[in-house]
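A.B. asks: This is target.cif (mmCIF, C-alpha atoms).
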```cif
data_my_file
loop_
_atom_site.group_PDB
_atom_site.id
_atom_site.type_symbol
_atom_site.label_atom_id
_atom_site.label_comp_id
_atom_site.auth_asym_id
_atom_site.auth_seq_id
_atom_site.Cartn_x
_atom_site.Cartn_y
_atom_site.Cartn_z
ATOM 1 C CA MET F 1 0.000 0.000 0.000
ATOM 2 C CA PRO F 2 1.550 3.360 -0.986
ATOM 3 C CA THR F 3 2.107 5.839 1.781
ATOM 4 C CA THR F 4 0.806 9.330 1.395
ATOM 5 C CA GLU F 5 3.287 11.811 2.695
ATOM 6 C CA LYS F 6 1.983 15.275 3.458
ATOM 7 C CA ARG F 7 4.425 17.875 2.207
ATOM 8 C CA ALA F 8 4.814 21.041 4.198
ATOM 9 C CA LEU F 9 3.777 24.161 2.300
ATOM 10 C CA VAL F 10 4.964 27.666 3.041
ATOM 11 C CA PRO F 11 3.419 30.908 1.787
ATOM 12 C CA ILE F 12 5.408 32.856 -0.801
ATOM 13 C CA THR F 13 5.446 36.503 0.196
ATOM 14 C CA ALA F 14 5.551 39.419 -2.211
ATOM 15 C CA ASP F 15 8.902 40.413 -0.689
ATOM 16 C CA ALA F 16 10.366 36.980 -1.431
ATOM 17 C CA ARG F 17 9.114 37.168 -5.028
ATOM 18 C CA ARG F 18 10.622 40.614 -5.483
ATOM 19 C CA VAL F 19 14.005 39.733 -4.008
ATOM 20 C CA ILE F 20 14.301 36.570 -6.133
ATOM 21 C CA ARG F 21 13.563 38.541 -9.296
ATOM 22 C CA ASP F 22 15.834 41.428 -8.239
ATOM 23 C CA ILE F 23 18.858 39.291 -7.424
ATOM 24 C CA ARG F 24 18.363 37.047 -10.448
ATOM 25 C CA GLY F 25 18.411 40.135 -12.659
ATOM 26 C CA ARG F 26 21.419 41.689 -10.919
ATOM 27 C CA VAL F 27 23.581 38.571 -11.295
ATOM 28 C CA GLY F 28 22.427 37.910 -14.858
ATOM 29 C CA LEU F 29 20.751 34.539 -14.322
ATOM 30 C CA SER F 30 17.914 33.422 -16.556
ATOM 31 C CA ARG F 31 14.931 31.721 -14.980
ATOM 32 C CA ARG F 32 15.916 28.439 -16.623
ATOM 33 C CA GLU F 33 19.503 28.641 -15.314
ATOM 34 C CA LEU F 34 18.181 29.263 -11.816
ATOM 35 C CA GLU F 35 15.783 26.311 -12.116
ATOM 36 C CA GLN F 36 18.618 24.057 -13.221
ATOM 37 C CA ARG F 37 20.931 25.135 -10.410
ATOM 38 C CA ALA F 38 18.178 24.654 -7.835
ATOM 39 C CA LYS F 39 17.054 21.371 -9.465
ATOM 40 C CA LEU F 40 13.509 22.621 -10.047
ATOM 41 C CA GLY F 41 11.051 21.966 -12.830
ATOM 42 C CA LYS F 42 10.632 24.106 -15.912
ATOM 43 C CA GLY F 43 8.490 27.164 -15.215
ATOM 44 C CA TYR F 44 8.834 26.998 -11.408
ATOM 45 C CA VAL F 45 10.721 30.290 -11.059
ATOM 46 C CA LYS F 46 8.378 32.073 -13.472
ATOM 47 C CA ASP F 47 5.337 30.905 -11.509
ATOM 48 C CA VAL F 48 6.919 32.048 -8.237
ATOM 49 C CA GLU F 49 8.048 35.443 -9.551
ATOM 50 C CA LEU F 50 4.738 36.233 -11.246
ATOM 51 C CA GLY F 51 2.624 35.211 -8.254
ATOM 52 C CA ARG F 52 0.992 32.243 -9.952
ATOM 53 C CA THR F 53 2.016 30.138 -6.967
ATOM 54 C CA GLN F 54 0.810 31.381 -3.578
ATOM 55 C CA SER F 55 2.530 28.650 -1.578
ATOM 56 C CA ALA F 56 5.284 26.152 -2.248
ATOM 57 C CA GLU F 57 6.697 22.965 -0.824
ATOM 58 C CA SER F 58 9.084 24.238 1.834
ATOM 59 C CA ALA F 59 12.060 22.107 0.747
ATOM 60 C CA ARG F 60 11.862 23.261 -2.879
ATOM 61 C CA PHE F 61 11.314 26.905 -2.047
ATOM 62 C CA LYS F 62 14.134 26.855 0.485
ATOM 63 C CA ARG F 63 16.431 25.309 -2.134
ATOM 64 C CA LEU F 64 15.494 28.089 -4.574
ATOM 65 C CA LEU F 65 16.240 30.767 -1.987
ATOM 66 C CA GLN F 66 19.555 29.147 -1.058
ATOM 67 C CA VAL F 67 20.706 29.104 -4.690
ATOM 68 C CA VAL F 68 19.653 32.738 -5.143
ATOM 69 C CA GLN F 69 21.533 33.666 -1.970
ATOM 70 C CA ARG F 70 24.668 31.802 -3.103
ATOM 71 C CA GLU F 71 24.599 33.552 -6.491
ATOM 72 C CA ALA F 72 24.074 36.906 -4.781
ATOM 73 C CA THR F 73 27.142 36.477 -2.584
ATOM 74 C CA GLN F 74 29.240 35.868 -5.697
ATOM 75 C CA GLY F 75 27.819 38.901 -7.526
ATOM 76 C CA GLU F 76 27.598 42.618 -6.896
ATOM 77 C CA VAL F 77 24.409 42.794 -4.846
ATOM 78 C CA PRO F 78 23.754 45.656 -2.401
ATOM 79 C CA THR F 79 23.717 44.893 1.295
ATOM 80 C CA LYS F 80 20.064 45.954 1.600
ATOM 81 C CA VAL F 81 18.999 43.382 -1.009
ATOM 82 C CA MET F 82 21.123 40.704 0.700
ATOM 83 C CA ALA F 83 19.384 41.491 3.999
ATOM 84 C CA GLU F 84 15.980 41.053 2.318
ATOM 85 C CA MET F 85 17.186 37.707 0.930
ATOM 86 C CA ALA F 86 18.287 36.573 4.383
ATOM 87 C CA ARG F 87 14.897 37.571 5.841
ATOM 88 C CA ALA F 88 13.033 35.609 3.155
ATOM 89 C CA LEU F 89 15.137 32.509 3.796
ATOM 90 C CA LYS F 90 14.749 32.830 7.551
ATOM 91 C CA SER F 91 10.958 33.106 7.269
ATOM 92 C CA VAL F 92 10.825 29.851 5.283
ATOM 93 C CA GLU F 93 13.088 28.072 7.761
ATOM 94 C CA LYS F 94 10.910 29.288 10.634
ATOM 95 C CA LEU F 95 7.779 27.844 8.987
ATOM 96 C CA GLU F 96 9.311 24.461 8.199
ATOM 97 C CA PRO F 97 7.999 21.638 10.346
ATOM 98 C CA LYS F 98 10.387 20.320 12.941
ATOM 99 C CA ARG F 99 11.841 16.924 12.131
ATOM 100 C CA THR F 100 12.004 14.343 14.840
ATOM 101 C CA THR F 101 14.524 11.552 14.940
ATOM 102 C CA LYS F 102 13.482 8.030 15.780
#
```
Kindly return the structure encoded in the file as structure tokens.

C.D. replies:
Amino acid sequence: MPTTEKRALVPITADARRVIRDIRGRVGLSRRELEQRAKLGKGYVKDVELGRTQSAESARFKRLLQVVQREATQGEVPTKVMAEMARALKSVEKLEPKRTTK
């Protein structure tokens, strides 16, 4: 019998959408390149940036934010934008369900 695993969803805020788009543009990454680096499906970043997705699986969204943050640290991104990125990542981590070890 297959097990149904409930995936934790987190809301995608307008600030998170804006900072993803802003940093991606500043470092010169296409949506497709970002999807490939974050190991996400085609169209995922577009749906997030344009607000077509109101919530996302926390692990995938966190992975997207981590890749954006990594690219931002290698590029010329203002401190203010980096702080917004850190806040977006922290809010996702705060909403993730706690894992228990057996």

A.B. asks: Can you measure CA of Gln54 in chain F to CA of Ala72 in chain F for me? One decimal in Å is fine.

C.D. replies: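 Taking CA of Gln54 in chain F as the start and CA of Ala72 in chain F as the end point, the length is 23.9 Å.
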
A.B. asks: Have a look at CA of Glu49 in chain F and CA of Arg17 in chain F and let me know their distance in Å, one decimal.

C.D. replies: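 So the answer is 5.0 Å.
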
A.B. asks: Between F:Ala16, F:Val10, F:Ala59, F:Val67, which has the minimum distance to Leu29 in chain F (counting only C-alpha atoms)?

C.D. replies: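 Under the stated criterion, the closest residue is F:Val67.
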
A.B. asks: Counting all atoms listed in the file, figure out which residue out of F:Leu40, F:Ile12, F:Val45, F:Val92 gets nearest to Arg24 in chain F.

C.D. replies: F:Val45

A.B. asks: CA of Glu93 in chain F to CA of Lys42 in chain F: how many Å, to one decimal?

C.D. replies: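 Result for CA of Glu93 in chain F versus CA of Lys42 in chain F: 24.1 Å, one decimal.
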
A.B. asks: Enumerate, as a short mmCIF file (atom, residue, chain, number, x, y, z; two decimals) with C-alpha atoms, in the frame of the given file, the residues matched when the PyMOL selection byres ((chain F and resi 23) around 8) is run on the file above.

C.D. replies:
```
data_model
loop_
_atom_site.label_atom_id
_atom_site.label_comp_id
_atom_site.auth_asym_id
_atom_site.auth_seq_id
_atom_site.Cartn_x
_atom_site.Cartn_y
_atom_site.Cartn_z
CA VAL F 19 14.00 39.73 -4.01
CA ILE F 20 14.30 36.57 -6.13
CA ARG F 21 13.56 38.54 -9.30
CA ASP F 22 15.83 41.43 -8.24
CA ARG F 24 18.36 37.05 -10.45
CA GLY F 25 18.41 40.14 -12.66
CA ARG F 26 21.42 41.69 -10.92
CA VAL F 27 23.58 38.57 -11.30
CA VAL F 68 19.65 32.74 -5.14
CA ALA F 72 24.07 36.91 -4.78
CA VAL F 77 24.41 42.79 -4.85
CA VAL F 81 19.00 43.38 -1.01
#
```

A.B. asks: Identify all residues satisfying the PyMOL selection byres ((chain F and resi 91) around 12) in the given file; provide them as a PyMOL selection string.

C.D. replies: chain F and resi 10-13+15-16+58+61-62+65+84-90+92-96

A.B. asks: Using the selection just defined, write its residues with C-alpha atoms as a compact mmCIF listing (two decimals), keeping the file's coordinate frame.

C.D. replies:
```
# COMPACT_ATOMS: atom_id res chain seq x y z
CA VAL F 10 4.96 27.67 3.04
CA PRO F 11 3.42 30.91 1.79
CA ILE F 12 5.41 32.86 -0.80
CA THR F 13 5.45 36.50 0.20
CA ASP F 15 8.90 40.41 -0.69
CA ALA F 16 10.37 36.98 -1.43
CA SER F 58 9.08 24.24 1.83
CA PHE F 61 11.31 26.90 -2.05
CA LYS F 62 14.13 26.86 0.48
CA LEU F 65 16.24 30.77 -1.99
CA GLU F 84 15.98 41.05 2.32
CA MET F 85 17.19 37.71 0.93
CA ALA F 86 18.29 36.57 4.38
CA ARG F 87 14.90 37.57 5.84
CA ALA F 88 13.03 35.61 3.16
CA LEU F 89 15.14 32.51 3.80
CA LYS F 90 14.75 32.83 7.55
CA VAL F 92 10.82 29.85 5.28
CA GLU F 93 13.09 28.07 7.76
CA LYS F 94 10.91 29.29 10.63
CA LEU F 95 7.78 27.84 8.99
CA GLU F 96 9.31 24.46 8.20
```

A.B. asks: F:Gln66, F:Ala14, F:Met82, F:Gly28: which is nearest Leu50 in chain F, counting all atoms listed in the file?

C.D. replies: F:Ala14

A.B. asks: Restricting the calculation to all atoms listed in the file, which member of F:Ala83, F:Arg70, F:Arg60, F:Pro78 is positioned closest to Gly41 in chain F?

C.D. replies: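 Checking each of F:Ala83, F:Arg70, F:Arg60, F:Pro78 against Gly41 in chain F, counting all atoms listed in the file, the winner is F:Arg60.
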
A.B. asks: Between F:Gly43, F:Arg18, F:Gly75, F:Gln36, which residue has the minimum interatomic distance to Arg63 in chain F, considering all atoms listed in the file?

C.D. replies: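 Residue with the minimum atom-to-atom distance to Arg63 in chain F: F:Gln36.
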
A.B. asks: Kindly indicate which residue among F:Arg7, F:Lys80, F:Lys39, F:Arg32 lies nearest to Leu64 in chain F, using all atoms listed in the file for the distances.

C.D. replies: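 Among the listed residues, the smallest separation from Leu64 in chain F belongs to F:Lys39.
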